[in-house]
$ cat start34.txt   # compact mmCIF, C-alpha atoms
# COMPACT_ATOMS: atom_id res chain seq x y z
CA MET A 1 5.32 -2.18 -34.15
CA ASP A 2 4.35 -5.57 -35.63
CA ASP A 3 5.90 -8.76 -34.26
CA VAL A 4 7.28 -9.88 -37.59
CA ILE A 5 8.36 -8.25 -40.82
CA THR A 6 7.97 -9.78 -44.27
CA VAL A 7 11.22 -9.70 -46.20
CA SER A 8 11.80 -10.60 -49.85
CA ILE A 9 15.42 -11.39 -50.57
CA TRP A 10 16.99 -12.00 -53.99
CA ARG A 11 18.31 -15.54 -54.31
CA GLY A 12 20.49 -16.58 -57.21
CA ARG A 13 22.81 -14.78 -59.56
CA SER A 14 21.62 -12.73 -62.51
CA GLU A 15 19.01 -15.47 -62.85
CA GLY A 16 17.06 -16.15 -59.69
CA ARG A 17 14.00 -15.02 -57.75
CA TYR A 18 12.88 -13.16 -54.67
CA VAL A 19 12.23 -15.49 -51.72
CA THR A 20 10.03 -14.29 -48.88
CA TYR A 21 10.94 -14.75 -45.21
CA GLU A 22 9.29 -13.78 -41.95
CA VAL A 23 11.69 -12.15 -39.52
CA PRO A 24 10.96 -11.18 -35.89
CA ARG A 25 10.81 -7.42 -35.48
CA LEU A 26 13.11 -5.84 -32.88
CA ASP A 27 13.73 -2.35 -31.58
CA SER A 28 16.42 -0.42 -33.45
CA GLN A 29 16.73 -3.29 -35.93
CA THR A 30 18.84 -2.58 -38.99
CA VAL A 31 18.37 -4.04 -42.47
CA LEU A 32 21.67 -5.89 -41.98
CA ASP A 33 20.25 -7.42 -38.77
CA VAL A 34 17.34 -8.73 -40.83
CA VAL A 35 19.60 -10.29 -43.46
CA THR A 36 21.82 -11.77 -40.73
CA TYR A 37 18.78 -13.27 -39.00
CA VAL A 38 17.72 -15.01 -42.22
CA GLN A 39 21.20 -16.42 -42.77
CA ARG A 40 21.75 -17.57 -39.18
CA GLN A 41 18.26 -18.81 -38.32
CA VAL A 42 16.47 -19.70 -41.55
CA ASP A 43 18.78 -20.45 -44.48
CA PRO A 44 22.56 -20.63 -43.98
CA THR A 45 23.10 -20.72 -47.75
CA LEU A 46 22.19 -17.01 -48.07
CA SER A 47 25.23 -15.07 -49.28
CA TYR A 48 25.85 -11.44 -48.38
CA ARG A 49 28.78 -9.27 -47.45
CA PHE A 50 29.52 -7.27 -44.34
CA ALA A 51 32.38 -6.61 -41.97
CA CYS A 52 32.27 -3.76 -39.46
CA ARG A 53 28.50 -3.32 -38.91
CA VAL A 54 29.07 0.33 -37.95
CA GLY A 55 29.26 2.22 -41.23
CA VAL A 56 33.01 2.30 -41.68
CA CYS A 57 34.01 -0.55 -44.00
CA GLY A 58 31.54 0.01 -46.84
CA SER A 59 30.90 -3.67 -47.60
CA CYS A 60 27.21 -4.14 -46.76
CA ALA A 61 25.49 -1.96 -49.36
CA MET A 62 22.38 -3.50 -50.94
CA THR A 63 19.24 -2.39 -52.72
CA VAL A 64 16.55 -1.86 -50.08
CA ASN A 65 13.01 -1.19 -51.29
CA GLY A 66 14.35 0.11 -54.58
CA ARG A 67 17.17 2.30 -53.28
CA PRO A 68 20.84 1.54 -52.70
CA ARG A 69 21.71 1.86 -49.01
CA TRP A 70 24.33 0.91 -46.42
CA THR A 71 22.33 -1.75 -44.62
CA CYS A 72 24.20 -1.66 -41.30
CA ARG A 73 23.20 1.94 -40.65
CA THR A 74 19.70 1.74 -42.15
CA HIS A 75 16.99 1.19 -39.58
CA VAL A 76 14.11 -1.05 -40.64
CA SER A 77 11.69 1.52 -39.19
CA LYS A 78 13.03 4.10 -41.61
CA VAL A 79 12.61 2.10 -44.82
CA ALA A 80 9.98 -0.62 -44.33
CA ALA A 81 6.86 0.14 -46.33
CA ASP A 82 3.71 -1.63 -45.01
CA ASN A 83 5.96 -3.73 -42.82
CA ARG A 84 7.67 -5.16 -45.91
CA LEU A 85 11.24 -5.07 -47.11
CA GLU A 86 12.63 -6.03 -50.49
CA ILE A 87 16.36 -6.59 -50.38
CA GLY A 88 18.40 -7.15 -53.54
CA PRO A 89 22.02 -6.85 -54.61
CA LEU A 90 23.42 -3.46 -55.63
CA ALA A 91 22.45 -2.43 -59.16
CA ASN A 92 24.96 -1.81 -61.99
CA LEU A 93 27.28 -4.58 -60.74
CA PRO A 94 27.40 -8.29 -61.63
CA VAL A 95 25.91 -10.54 -58.96
CA VAL A 96 28.21 -13.16 -57.44
CA LYS A 97 25.38 -14.81 -55.51
CA ASP A 98 22.27 -13.55 -53.69
CA LEU A 99 23.18 -10.17 -52.17
CA ALA A 100 26.91 -10.22 -52.90
CA THR A 101 28.03 -8.30 -55.99
CA ASP A 102 31.31 -8.44 -57.86
CA MET A 103 33.04 -5.11 -57.17
CA THR A 104 36.00 -5.79 -59.52
CA GLU A 105 34.89 -3.39 -62.23
CA PHE A 106 33.99 -0.73 -59.66
CA PHE A 107 37.56 -0.72 -58.30
CA GLU A 108 39.16 -1.11 -61.71
CA LYS A 109 37.52 2.18 -62.57
CA TRP A 110 39.26 3.75 -59.56
CA GLN A 111 42.51 2.65 -61.17
CA ARG A 112 41.43 4.01 -64.56
CA ALA A 113 40.64 7.36 -62.90
CA LYS A 114 44.20 7.37 -61.50
CA GLY A 115 42.83 7.08 -58.00
CA VAL A 116 46.25 6.09 -56.67
CA PHE A 117 48.30 8.63 -54.73
CA SER A 118 51.63 9.32 -56.34
CA PRO A 119 53.96 11.13 -54.00
CA THR A 120 56.18 14.09 -54.76
CA ALA A 121 58.34 13.36 -51.71
CA THR A 122 60.12 10.28 -50.36
CA ARG A 123 60.08 8.76 -46.89
CA ASN A 124 63.31 10.64 -46.19
CA ASP A 125 61.64 14.03 -46.59
CA THR A 126 59.79 15.76 -43.80
CA VAL A 127 56.03 15.25 -43.56
CA ALA A 128 54.11 17.75 -45.68
CA GLN A 129 52.21 20.42 -43.77
CA ILE A 130 48.68 20.89 -45.14
CA ARG A 131 46.81 23.82 -43.62
CA PRO A 132 43.28 22.72 -42.66
CA ASP A 133 41.92 26.02 -43.99
CA ALA A 134 43.76 25.85 -47.34
CA ALA A 135 41.23 26.20 -50.19
CA ALA A 136 42.24 22.89 -51.84
CA ARG A 137 41.92 21.07 -48.50
CA VAL A 138 38.51 22.61 -47.75
CA ALA A 139 37.30 21.62 -51.26
CA VAL A 140 37.70 17.93 -50.40
CA ASP A 141 36.64 18.05 -46.77
CA LYS A 142 33.67 15.75 -47.39
CA ALA A 143 35.00 13.94 -50.45
CA ILE A 144 37.82 12.21 -48.54
CA GLU A 145 35.27 10.47 -46.29
CA CYS A 146 34.30 7.96 -49.02
CA ILE A 147 34.04 4.38 -47.72
CA ASN A 148 33.91 2.74 -51.20
CA CYS A 149 30.48 1.21 -50.58
CA GLY A 150 29.27 1.51 -54.18
CA VAL A 151 25.91 3.11 -53.28
CA CYS A 152 26.49 6.09 -55.62
CA TYR A 153 27.58 3.75 -58.42
CA ALA A 154 24.36 1.75 -58.05
CA ALA A 155 22.21 4.89 -58.00
CA CYS A 156 23.78 6.40 -61.13
CA ASP A 157 21.83 6.55 -64.40
CA SER A 158 24.98 7.45 -66.32
CA VAL A 159 26.63 4.19 -65.15
CA ARG A 160 23.49 2.30 -66.16
CA TRP A 161 23.43 3.84 -69.63
CA ASN A 162 27.15 3.89 -70.30
CA PRO A 163 29.08 0.89 -68.90
CA ASP A 164 32.30 2.71 -69.77
CA TYR A 165 31.54 5.58 -67.37
CA LEU A 166 33.92 5.71 -64.41
CA GLY A 167 31.13 6.51 -61.98
CA PRO A 168 30.77 8.94 -59.06
CA ALA A 169 33.02 7.17 -56.55
CA ALA A 170 36.10 6.85 -58.80
CA LEU A 171 35.75 10.44 -60.00
CA ASN A 172 35.25 11.68 -56.44
CA ARG A 173 38.48 9.90 -55.51
CA ALA A 174 40.26 11.57 -58.45
CA TRP A 175 38.93 14.93 -57.25
CA THR A 176 40.46 14.42 -53.79
CA LEU A 177 43.87 13.73 -55.39
CA VAL A 178 43.60 16.62 -57.85
CA ASN A 179 43.35 18.83 -54.75
CA ASP A 180 46.18 17.07 -52.93
CA GLU A 181 49.20 19.34 -53.13
CA ARG A 182 51.51 16.39 -52.34
CA ASP A 183 50.46 14.50 -55.47
CA ALA A 184 52.69 14.47 -58.56
CA ASN A 185 50.43 12.87 -61.16
CA ASN A 186 47.72 15.40 -61.88
CA GLY A 187 48.57 15.85 -65.55
CA GLU A 188 47.89 12.19 -66.24
CA ARG A 189 44.96 12.13 -63.84
CA LEU A 190 43.18 15.04 -65.50
CA ALA A 191 43.71 13.41 -68.91
CA ALA A 192 42.31 10.13 -67.54
CA VAL A 193 39.16 11.71 -66.11
CA ALA A 194 38.60 13.84 -69.22
CA ALA A 195 38.79 10.81 -71.55
CA ASN A 196 35.72 8.98 -72.86
CA GLY A 197 33.62 7.70 -69.97
CA GLY A 198 35.17 10.28 -67.64
CA CYS A 199 33.74 13.27 -65.81
CA HIS A 200 32.16 14.75 -68.93
CA SER A 201 29.88 11.71 -69.21
CA CYS A 202 28.09 12.80 -66.02
CA HIS A 203 24.58 14.09 -66.70
CA THR A 204 24.21 15.84 -63.32
CA HIS A 205 21.19 13.83 -62.15
CA GLN A 206 22.56 14.20 -58.62
CA SER A 207 21.41 10.72 -57.56
CA CYS A 208 24.89 10.06 -56.12
CA GLU A 209 24.58 13.16 -53.96
CA GLN A 210 21.09 12.13 -52.83
CA HIS A 211 22.07 8.57 -51.87
CA CYS A 212 25.61 8.83 -50.47
CA PRO A 213 25.39 7.49 -46.89
CA GLN A 214 28.38 9.65 -45.93
CA ALA A 215 26.63 12.78 -47.22
CA ILE A 216 29.42 13.29 -49.75
CA ASN A 217 28.51 15.22 -52.87
CA PRO A 218 30.14 13.42 -55.82
CA THR A 219 28.18 15.64 -58.24
CA ALA A 220 30.13 18.62 -56.89
CA SER A 221 33.42 16.69 -57.14
CA ILE A 222 32.66 15.75 -60.75
CA ALA A 223 31.67 19.36 -61.53
CA GLY A 224 35.03 20.40 -60.07
CA LEU A 225 36.79 17.94 -62.39
CA LYS A 226 34.82 19.28 -65.36
CA ARG A 227 36.03 22.81 -64.57
CA ARG A 228 39.59 21.69 -63.88
CA THR A 229 39.86 19.65 -67.11
CA ILE A 230 38.34 22.42 -69.24
CA GLY A 231 40.76 24.91 -67.65
CA ALA A 232 43.72 22.63 -68.38
CA PHE A 233 42.51 22.19 -71.96
CA LEU A 234 42.12 25.96 -72.50
CA ARG A 235 45.60 26.60 -71.11
CA GLY A 236 46.95 24.02 -73.56
CA GLU A 237 48.13 21.69 -70.78
CA MET A 238 45.99 18.87 -72.12
CA LYS A 239 45.27 17.67 -75.66
CA MET B 1 13.69 -18.44 -62.02
CA SER B 2 13.83 -15.17 -63.88
CA SER B 3 16.40 -12.50 -64.52
CA LEU B 4 17.38 -9.92 -61.95
CA ALA B 5 17.08 -7.14 -64.52
CA GLN B 6 13.38 -7.90 -64.92
CA ASN B 7 12.72 -8.39 -61.23
CA GLN B 8 14.78 -5.91 -59.34
CA HIS B 9 13.16 -2.70 -58.27
CA ASN B 10 16.22 -0.53 -58.17
CA ALA B 11 15.05 2.75 -59.53
CA ALA B 12 13.03 4.25 -56.70
CA TYR B 13 15.14 7.39 -57.11
CA ARG B 14 13.31 8.00 -60.37
CA GLY B 15 10.71 10.43 -59.17
CA ASP B 16 13.14 12.32 -56.94
CA LEU B 17 13.10 16.03 -57.62
CA PHE B 18 16.51 16.19 -59.29
CA TRP B 19 15.71 13.23 -61.50
CA ILE B 20 12.45 14.84 -62.61
CA ALA B 21 14.32 18.12 -63.24
CA ALA B 22 16.83 16.26 -65.46
CA MET B 23 14.04 14.53 -67.37
CA ILE B 24 12.08 17.75 -67.88
CA HIS B 25 15.25 19.29 -69.27
CA ARG B 26 15.87 16.38 -71.61
CA ILE B 27 12.29 15.95 -72.83
CA SER B 28 11.76 19.70 -73.34
CA GLY B 29 14.95 19.73 -75.42
CA LEU B 30 13.70 16.83 -77.55
CA LEU B 31 10.30 18.45 -78.09
CA LEU B 32 11.93 21.77 -79.01
CA ALA B 33 14.13 19.95 -81.51
CA CYS B 34 10.98 18.39 -83.00
CA PHE B 35 9.48 21.87 -83.35
CA LEU B 36 12.51 23.33 -85.11
CA PRO B 37 11.69 22.04 -88.65
CA LEU B 38 8.25 23.65 -88.33
CA HIS B 39 9.90 26.90 -87.30
CA PHE B 40 12.19 26.84 -90.35
CA LEU B 41 9.23 25.96 -92.58
CA ALA B 42 7.43 29.09 -91.35
CA LEU B 43 10.50 31.22 -92.02
CA GLY B 44 10.80 29.62 -95.46
CA LEU B 45 7.26 30.71 -96.27
CA ALA B 46 8.29 34.33 -95.78
CA ILE B 47 10.72 33.94 -98.69
CA GLU B 48 8.02 32.45 -100.91
CA GLY B 49 5.92 35.58 -100.80
CA GLU B 50 3.88 37.93 -98.69
CA ALA B 51 0.53 36.25 -99.34
CA THR B 52 1.69 32.76 -98.37
CA PHE B 53 3.28 34.04 -95.20
CA ASP B 54 0.25 36.17 -94.27
CA GLY B 55 -1.94 33.14 -94.82
CA PHE B 56 0.25 31.18 -92.46
CA LEU B 57 0.22 33.97 -89.86
CA LYS B 58 -3.56 34.00 -90.03
CA TRP B 59 -3.58 30.26 -89.45
CA THR B 60 -1.53 30.76 -86.30
CA GLN B 61 -4.22 33.01 -84.82
CA GLN B 62 -6.48 30.01 -84.16
CA PRO B 63 -7.05 29.34 -80.44
CA LEU B 64 -5.70 25.80 -80.65
CA VAL B 65 -2.48 27.00 -82.27
CA LYS B 66 -2.17 29.71 -79.61
CA LEU B 67 -2.56 27.06 -76.92
CA ALA B 68 0.15 24.98 -78.53
CA GLU B 69 2.27 28.12 -78.67
CA THR B 70 1.85 28.53 -74.91
CA GLY B 71 3.19 25.02 -74.54
CA LEU B 72 6.12 26.02 -76.70
CA VAL B 73 6.80 29.08 -74.55
CA PHE B 74 6.81 26.83 -71.49
CA LEU B 75 9.18 24.33 -73.14
CA LEU B 76 11.55 27.06 -74.21
CA ALA B 77 11.53 28.74 -70.78
CA VAL B 78 11.87 25.50 -68.81
CA HIS B 79 14.73 24.33 -71.06
CA LEU B 80 16.47 27.68 -70.72
CA PHE B 81 16.21 27.87 -66.92
CA GLY B 82 16.96 24.15 -66.52
CA GLY B 83 20.04 24.69 -68.67
CA ILE B 84 21.14 27.66 -66.61
CA ARG B 85 20.72 25.53 -63.48
CA VAL B 86 23.05 22.85 -64.86
CA LEU B 87 25.53 25.48 -66.08
CA VAL B 88 25.60 27.04 -62.61
CA ILE B 89 26.23 23.63 -61.01
CA GLU B 90 28.99 22.72 -63.44
CA ASN B 91 30.74 26.06 -63.81
CA LEU B 92 30.42 27.87 -60.50
CA ALA B 93 31.34 26.86 -56.97
CA TRP B 94 28.79 24.53 -55.37
CA ARG B 95 26.01 26.29 -53.54
CA PRO B 96 23.33 24.90 -51.23
CA GLY B 97 19.61 25.18 -52.06
CA GLN B 98 19.79 23.03 -55.21
CA LYS B 99 16.23 21.78 -54.80
CA ARG B 100 15.02 25.35 -54.57
CA MET B 101 16.91 26.17 -57.77
CA ALA B 102 15.34 23.24 -59.65
CA SER B 103 11.85 24.17 -58.44
CA LEU B 104 12.49 27.81 -59.29
CA ALA B 105 13.46 26.87 -62.88
CA VAL B 106 10.15 25.03 -63.42
CA GLY B 107 8.15 27.65 -61.50
CA THR B 108 9.54 30.60 -63.47
CA ALA B 109 8.86 28.78 -66.75
CA ALA B 110 5.27 28.13 -65.66
CA VAL B 111 4.80 31.80 -64.71
CA ILE B 112 6.16 32.94 -68.08
CA ALA B 113 3.83 30.54 -69.93
CA ALA B 114 0.91 31.73 -67.77
CA ILE B 115 1.67 35.39 -68.57
CA PHE B 116 1.82 34.47 -72.26
CA ILE B 117 -1.60 32.82 -72.25
CA LEU B 118 -3.17 35.53 -70.06
CA ARG B 119 -2.10 38.22 -72.51
CA LEU B 120 -3.92 36.31 -75.27
CA LEU B 121 -7.20 36.06 -73.38
$ encode --input "start34.txt" --output "structure tokens"
Amino acid sequence: MDDVITVSIWRGRSEGRYVTYEVPRLDSQTVLDVVTYVQRQVDPTLSYRFACRVGVCGSCAMTVNGRPRWTCRTHVSKVAADNRLEIGPLANLPVVKDLATDMTEFFEKWQRAKGVFSPTATRNDTVAQIRPDAAARVAVDKAIECINCGVCYAACDSVRWNPDYLGPAALNRAWTLVNDERDANNGERLAAVAANGGCHSCHTHQSCEQHCPQAINPTASIAGLKRRTIGAFLRGEMK
Amino acid sequence: MSSLAQNQHNAAYRGDLFWIAAMIHRISGLLLACFLPLHFLALGLAIEGEATFDGFLKWTQQPLVKLAETGLVFLLAVHLFGGIRVLVIENLAWRPGQKRMASLAVGTAAVIAAIFILRLL
């Protein structure tokens, strides 16, 4: 292992440049550790976003050597090529400054996909019993583990080509609710995800599946939505 | 100062197997669409008369045309199997071994094109 690693970090907004820093190399160092070192020891004006540092909150995703990744759980040893790292903001999102992106549109698309739970019961009813082995529950076993990091959104060609496209994360969220037997809003939800820019805009490149740090398969969730919406259309439940 | 769009290397996933599979599917479709007018032209010649069509069929016996035809067979096969792969993903329950399926689609198309050219030799 070398003593230092050469790191290029994007500085600026949509206009800017990559600035190179030398960072001491440590055992088990993560990409987030590298960014934190630069901010704390070299240039305190570097902006980036993180919270939990343990892969739960989903706020530290960045583009590392050309791929979107959760930086807190990405070891430098795994991704550094020739002892170099290039760290940029997530793609397909506006840059606020340096490595921090504006996630507004990303979450607005969750709303557009009807990613909000709408209950069939009230707080006065008994708690619903969902069998762990029920088919609908098994179908979303992985999908419910989404941490909203935006990695899939940044890796998606369909998002890049069609700014209207809801993206893998929002559609994956819709898929979890479509399979939630406690939810009352699936008619509207299916119509929302079948509209322009919805699940049928997915080209099945499977980049979301390949990059999801939680090993979720949004491609499968979106395929599920495609089947569900076509079924609803054929049964005349949807215009 | 320059723009992020020009500077950022954010497409390392291009070159991943699934991405290549998607591109092969798309490009083979485009090339097949380009070939279609030629196909209809050939069929049109059959209406014009036996001699014209026979002349055309003779032209197609040239080695270079046969080679191009092999390419066409590959395009057709790879587009067909690539299409079946996507249909399986989108219409049936998810199954593991997706990379194997993508490789199999290209491999089978290559074998079919190879058989086609071997039968000509």
$ residues_around --input "start34.txt" --residues "Arg26 in chain B" --least-positions-apart "3" --cutoff "12 Å" --atoms "all atoms listed in the file" --output "VMD selection string"
(chain A and resid 203 to 205) or (chain B and resid 19 to 23 29 to 33 75 to 76 78 to 80 82 to 83 86)
$ residues_around --input "start34.txt" --residues "range 48-60 of chain A" --least-positions-apart "6" --cutoff "8 Å" --atoms "all atoms listed in the file" --output "count of residues only"
13
$ closest_atom_pairs --input "start34.txt" --of "chain A" --to "chain B" --cutoff "6 Å" --atoms "only C-alpha atoms" --output "CSV"
residue,atom,partner,partner_atom,distance
A:Ser14,CA,B:Leu4,CA,5.1
A:Glu15,CA,B:Ser3,CA,4.3
A:Gly16,CA,B:Met1,CA,4.7
A:Arg17,CA,B:Met1,CA,5.5
A:Gly66,CA,B:Asn10,CA,4.1
A:Arg67,CA,B:Ala12,CA,5.7
A:His205,CA,B:Trp19,CA,5.6
A:Ala223,CA,B:Glu90,CA,4.7
$ atom_distance --input "start34.txt" --atom1 "CA of Ile5 in chain A" --atom2 "CA of Asp82 in chain A"
9.1 Å
$ atom_distance --input "start34.txt" --atom1 "CA of Ile144 in chain A" --atom2 "CA of Arg173 in chain A"
7.4 Å
$ closest_residue --input "start34.txt" --among "B:Leu57, B:Gly49, B:Ile27, B:Thr70" --to "Phe116 in chain B" --atoms "all atoms listed in the file"
B:Thr70
$ atom_distance --input "start34.txt" --atom1 "CA of Arg11 in chain A" --atom2 "CA of Ser47 in chain A"
8.6 Å
$ residues_around --input "start34.txt" --residues "Phe81 in chain B" --least-positions-apart "5" --cutoff "10 Å" --atoms "only C-alpha atoms" --output "MDAnalysis selection string"
chainID B and resid 25 76 86:87 101:102 104:109
$ residues_around --input "start34.txt" --residues "Ala215 in chain A" --least-positions-apart "5" --cutoff "12 Å" --atoms "all atoms listed in the file" --output "list in words"
Asp141, Lys142, Ala143, Ile144, Glu145, Cys146, Ile147, Val151, Cys152, Ser207, Cys208, Glu209, Gln210 and Ala220 of chain A
$ closest_residue --input "start34.txt" --among "A:Arg160, A:Arg227, A:Lys109, A:Arg84" --to "Leu190 in chain A" --atoms "all atoms listed in the file"
A:Arg227
$ decode --input "start34.txt" --residues "range 76-95 of chain B" --atoms "C-alpha atoms" --output "short mmCIF file (atom, residue, chain, number, x, y, z; two decimals), in the first residue's frame"
data_model
loop_
_atom_site.label_atom_id
_atom_site.label_comp_id
_atom_site.auth_asym_id
_atom_site.auth_seq_id
_atom_site.Cartn_x
_atom_site.Cartn_y
_atom_site.Cartn_z
CA LEU B 76 -31.70 -11.13 -37.02
CA ALA B 77 -30.80 -13.91 -34.57
CA VAL B 78 -29.19 -11.60 -32.00
CA HIS B 79 -32.17 -9.21 -32.16
CA LEU B 80 -34.60 -12.10 -31.79
CA PHE B 81 -32.85 -13.70 -28.80
CA GLY B 82 -32.09 -10.31 -27.22
CA GLY B 83 -35.78 -9.48 -27.58
CA ILE B 84 -36.81 -12.76 -26.01
CA ARG B 85 -34.45 -12.03 -23.12
CA VAL B 86 -36.12 -8.66 -22.46
CA LEU B 87 -39.59 -10.19 -22.85
CA VAL B 88 -38.71 -12.87 -20.29
CA ILE B 89 -37.45 -10.22 -17.84
CA GLU B 90 -40.50 -8.03 -18.26
CA ASN B 91 -43.24 -10.64 -18.47
CA LEU B 92 -42.16 -13.56 -16.30
CA ALA B 93 -41.13 -13.76 -12.67
CA TRP B 94 -37.54 -12.65 -12.08
CA ARG B 95 -34.99 -15.41 -12.36
#
